[in-house]
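Q: Take this structure, written in C-alpha coordinates, and hold onto it; I'll ask about it next.
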Amino acid sequence: MADNGKVDSTVQYQTDVNGKKYVKTDYVYKATDGSLVKVVFNYEEKTMSVRSNNKTFILNKVESKGNETTYEKMDMKATVKGDSLILDQENNIIQLVRTKI
(Lines give C-alpha, C1' and ligand atoms only; values in the text may rest on other atoms or scores of the structure.)
Protein backbone atom coordinates (compact mmCIF):
# COMPACT_ATOMS: atom_id res chain seq x y z
CA MET A 1 0.00 0.00 0.00
CA ALA A 2 1.15 3.51 -0.71
CA ASP A 3 0.86 6.40 1.73
CA ASN A 4 -2.74 7.01 0.64
CA GLY A 5 -3.71 3.40 1.49
CA LYS A 6 -4.32 2.43 -2.12
CA VAL A 7 -2.45 -0.26 -4.02
CA ASP A 8 0.54 1.25 -5.80
CA SER A 9 1.98 -0.90 -8.60
CA THR A 10 5.37 0.81 -8.22
CA VAL A 11 5.79 -0.36 -4.61
CA GLN A 12 8.20 -3.25 -4.27
CA TYR A 13 8.72 -5.60 -1.37
CA GLN A 14 12.34 -6.10 -0.39
CA THR A 15 13.64 -8.66 2.10
CA ASP A 16 16.43 -7.95 4.59
CA VAL A 17 19.03 -10.45 5.80
CA ASN A 18 16.70 -11.64 8.58
CA GLY A 19 13.90 -12.43 6.13
CA LYS A 20 11.78 -9.45 7.19
CA LYS A 21 9.86 -7.81 4.35
CA TYR A 22 9.85 -4.06 3.97
CA VAL A 23 8.35 -1.68 1.45
CA LYS A 24 10.32 0.86 -0.48
CA THR A 25 10.23 2.38 -3.92
CA ASP A 26 13.04 4.07 -5.77
CA TYR A 27 12.89 6.54 -8.62
CA VAL A 28 15.28 8.64 -10.64
CA TYR A 29 14.53 12.34 -10.84
CA LYS A 30 16.08 14.81 -13.26
CA ALA A 31 16.98 18.38 -12.32
CA THR A 32 16.61 21.36 -14.64
CA ASP A 33 20.39 21.31 -15.22
CA GLY A 34 20.17 17.69 -16.44
CA SER A 35 21.74 16.06 -13.38
CA LEU A 36 20.13 12.88 -12.06
CA VAL A 37 19.11 12.19 -8.47
CA LYS A 38 18.10 8.83 -6.99
CA VAL A 39 15.22 9.03 -4.53
CA VAL A 40 14.09 6.10 -2.35
CA PHE A 41 10.80 6.22 -0.48
CA ASN A 42 10.65 3.88 2.52
CA TYR A 43 6.96 3.68 3.41
CA GLU A 44 7.36 1.71 6.63
CA GLU A 45 10.01 4.01 8.11
CA LYS A 46 8.26 7.08 6.65
CA THR A 47 11.48 8.40 5.17
CA MET A 48 12.81 9.54 1.84
CA SER A 49 16.47 9.37 0.88
CA VAL A 50 17.95 11.60 -1.79
CA ARG A 51 21.28 10.61 -3.37
CA SER A 52 23.26 12.96 -5.57
CA ASN A 53 26.98 13.61 -6.07
CA ASN A 54 27.86 10.62 -3.83
CA LYS A 55 25.97 12.16 -0.89
CA THR A 56 22.79 10.76 0.64
CA PHE A 57 20.30 12.80 2.65
CA ILE A 58 17.56 11.05 4.62
CA LEU A 59 14.46 13.12 5.35
CA ASN A 60 11.51 12.25 7.59
CA LYS A 61 7.91 12.49 6.48
CA VAL A 62 6.21 15.32 8.32
CA GLU A 63 2.95 15.86 6.46
CA SER A 64 0.79 14.25 3.80
CA LYS A 65 -2.29 15.91 2.39
CA GLY A 66 -4.01 14.62 -0.71
CA ASN A 67 -1.39 14.08 -3.41
CA GLU A 68 1.31 16.22 -1.74
CA THR A 69 3.79 14.92 0.83
CA THR A 70 6.40 16.90 2.74
CA TYR A 71 9.67 15.52 4.14
CA GLU A 72 12.12 17.47 6.32
CA LYS A 73 15.38 17.16 8.19
CA MET A 74 17.30 20.06 9.68
CA ASP A 75 17.63 22.74 6.96
CA MET A 76 16.37 20.56 4.08
CA LYS A 77 12.75 20.27 2.98
CA ALA A 78 11.32 18.18 0.15
CA THR A 79 7.84 18.47 -1.30
CA VAL A 80 6.59 15.62 -3.49
CA LYS A 81 3.57 16.18 -5.68
CA GLY A 82 2.84 13.74 -8.49
CA ASP A 83 5.95 13.41 -10.66
CA SER A 84 7.60 16.53 -9.27
CA LEU A 85 9.95 16.93 -6.33
CA ILE A 86 11.02 20.30 -4.98
CA LEU A 87 14.04 20.41 -2.68
CA ASP A 88 14.59 23.49 -0.53
CA GLN A 89 17.87 23.76 1.34
CA GLU A 90 18.65 27.12 2.94
CA ASN A 91 16.48 28.89 0.33
CA ASN A 92 18.24 27.09 -2.53
CA ILE A 93 15.31 25.67 -4.53
CA ILE A 94 15.93 22.66 -6.80
CA GLN A 95 13.09 21.45 -8.99
CA LEU A 96 13.15 17.82 -10.13
CA VAL A 97 10.90 15.72 -12.35
CA ARG A 98 10.60 11.94 -12.17
CA THR A 99 12.10 10.32 -15.24
CA LYS A 100 12.34 6.86 -16.72
CA ILE A 101 15.76 5.50 -17.54
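Ligands are numbered from 1 in the order shown, chains are lettered A, B, ... in the order of the C-alpha coordinates, and residues start at 1 in each chain.
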Excluding Asn54 (chain A) and residues on its chain fewer than 2 positions from it, collect all residues at most 12 Å away from it, counting only C-alpha atoms, and give them as JSON, numbers by chain.

A: {"A": [36, 37, 38, 50, 51, 52, 56, 57]}

Q: If you count only C-alpha atoms, which residues fall within 7 Å of Thr99 (chain A), apart from same-chain ones fewer than 6 positions away, as a list of chain:residue names?

A: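 Within the cut-off, the hits are A:Val28, A:Tyr29, A:Lys30.
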
Q: Show which residues sit within 8 Å of Thr70 (chain A), as a list of chain:residue names. Count only C-alpha atoms, and ignore same-chain residues fewer than 3 positions away.

A: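 Everything that qualifies: A:Lys61, A:Val62, A:Glu63, A:Ser64, A:Lys77, A:Ala78, A:Thr79, A:Val80.
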
Q: Limited to all heavy atoms, could you put the picked residues into a file as an mmCIF file, in the first residue's frame?

A:
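Printed below is part30.cif as written:
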```cif
data_model
loop_
_atom_site.group_PDB
_atom_site.id
_atom_site.type_symbol
_atom_site.label_atom_id
_atom_site.label_comp_id
_atom_site.auth_asym_id
_atom_site.auth_seq_id
_atom_site.Cartn_x
_atom_site.Cartn_y
_atom_site.Cartn_z
ATOM 1 N N LYS A 61 9.219 12.011 6.902
ATOM 2 C CA LYS A 61 7.908 12.487 6.477
ATOM 3 C C LYS A 61 7.274 13.271 7.615
ATOM 4 O O LYS A 61 7.211 12.807 8.743
ATOM 5 C CB LYS A 61 7.037 11.287 6.105
ATOM 6 C CG LYS A 61 5.664 11.638 5.619
ATOM 7 C CD LYS A 61 4.976 10.363 5.191
ATOM 8 C CE LYS A 61 3.491 10.518 5.146
ATOM 9 N NZ LYS A 61 2.824 9.288 4.799
ATOM 10 N N VAL A 62 6.820 14.489 7.291
ATOM 11 C CA VAL A 62 6.209 15.319 8.321
ATOM 12 C C VAL A 62 4.747 15.617 8.048
ATOM 13 O O VAL A 62 3.991 15.909 8.973
ATOM 14 C CB VAL A 62 6.976 16.653 8.522
ATOM 15 C CG1 VAL A 62 8.351 16.396 9.104
ATOM 16 C CG2 VAL A 62 7.067 17.443 7.239
ATOM 17 N N GLU A 63 4.334 15.533 6.772
ATOM 18 C CA GLU A 63 2.945 15.857 6.459
ATOM 19 C C GLU A 63 2.566 15.232 5.121
ATOM 20 O O GLU A 63 3.360 15.163 4.201
ATOM 21 C CB GLU A 63 2.775 17.377 6.377
ATOM 22 C CG GLU A 63 1.374 17.825 6.121
ATOM 23 C CD GLU A 63 1.252 19.339 6.096
ATOM 24 O OE1 GLU A 63 2.223 20.030 5.768
ATOM 25 O OE2 GLU A 63 0.148 19.816 6.412
ATOM 26 N N SER A 64 1.325 14.775 5.040
ATOM 27 C CA SER A 64 0.785 14.247 3.802
ATOM 28 C C SER A 64 -0.653 14.706 3.681
ATOM 29 O O SER A 64 -1.466 14.440 4.552
ATOM 30 C CB SER A 64 0.858 12.719 3.798
ATOM 31 O OG SER A 64 0.417 12.217 2.564
ATOM 32 N N LYS A 77 14.167 20.591 3.100
ATOM 33 C CA LYS A 77 12.751 20.275 2.984
ATOM 34 C C LYS A 77 12.499 19.768 1.570
ATOM 35 O O LYS A 77 13.043 20.299 0.607
ATOM 36 C CB LYS A 77 11.917 21.531 3.241
ATOM 37 C CG LYS A 77 10.427 21.323 3.107
ATOM 38 C CD LYS A 77 9.687 22.617 3.397
ATOM 39 C CE LYS A 77 8.201 22.454 3.248
ATOM 40 N NZ LYS A 77 7.477 23.708 3.514
ATOM 41 N N ALA A 78 11.690 18.733 1.450
ATOM 42 C CA ALA A 78 11.323 18.180 0.146
ATOM 43 C C ALA A 78 9.813 18.088 0.061
ATOM 44 O O ALA A 78 9.160 17.621 0.981
ATOM 45 C CB ALA A 78 11.937 16.796 -0.044
ATOM 46 N N THR A 79 9.273 18.551 -1.057
ATOM 47 C CA THR A 79 7.838 18.469 -1.297
ATOM 48 C C THR A 79 7.627 17.622 -2.541
ATOM 49 O O THR A 79 8.159 17.931 -3.614
ATOM 50 C CB THR A 79 7.235 19.871 -1.510
ATOM 51 O OG1 THR A 79 7.547 20.670 -0.366
ATOM 52 C CG2 THR A 79 5.736 19.789 -1.673
ATOM 53 N N VAL A 80 6.871 16.535 -2.391
ATOM 54 C CA VAL A 80 6.593 15.615 -3.492
ATOM 55 C C VAL A 80 5.138 15.787 -3.889
ATOM 56 O O VAL A 80 4.240 15.693 -3.055
ATOM 57 C CB VAL A 80 6.855 14.149 -3.078
ATOM 58 C CG1 VAL A 80 6.601 13.206 -4.238
ATOM 59 C CG2 VAL A 80 8.260 13.991 -2.540
#
```
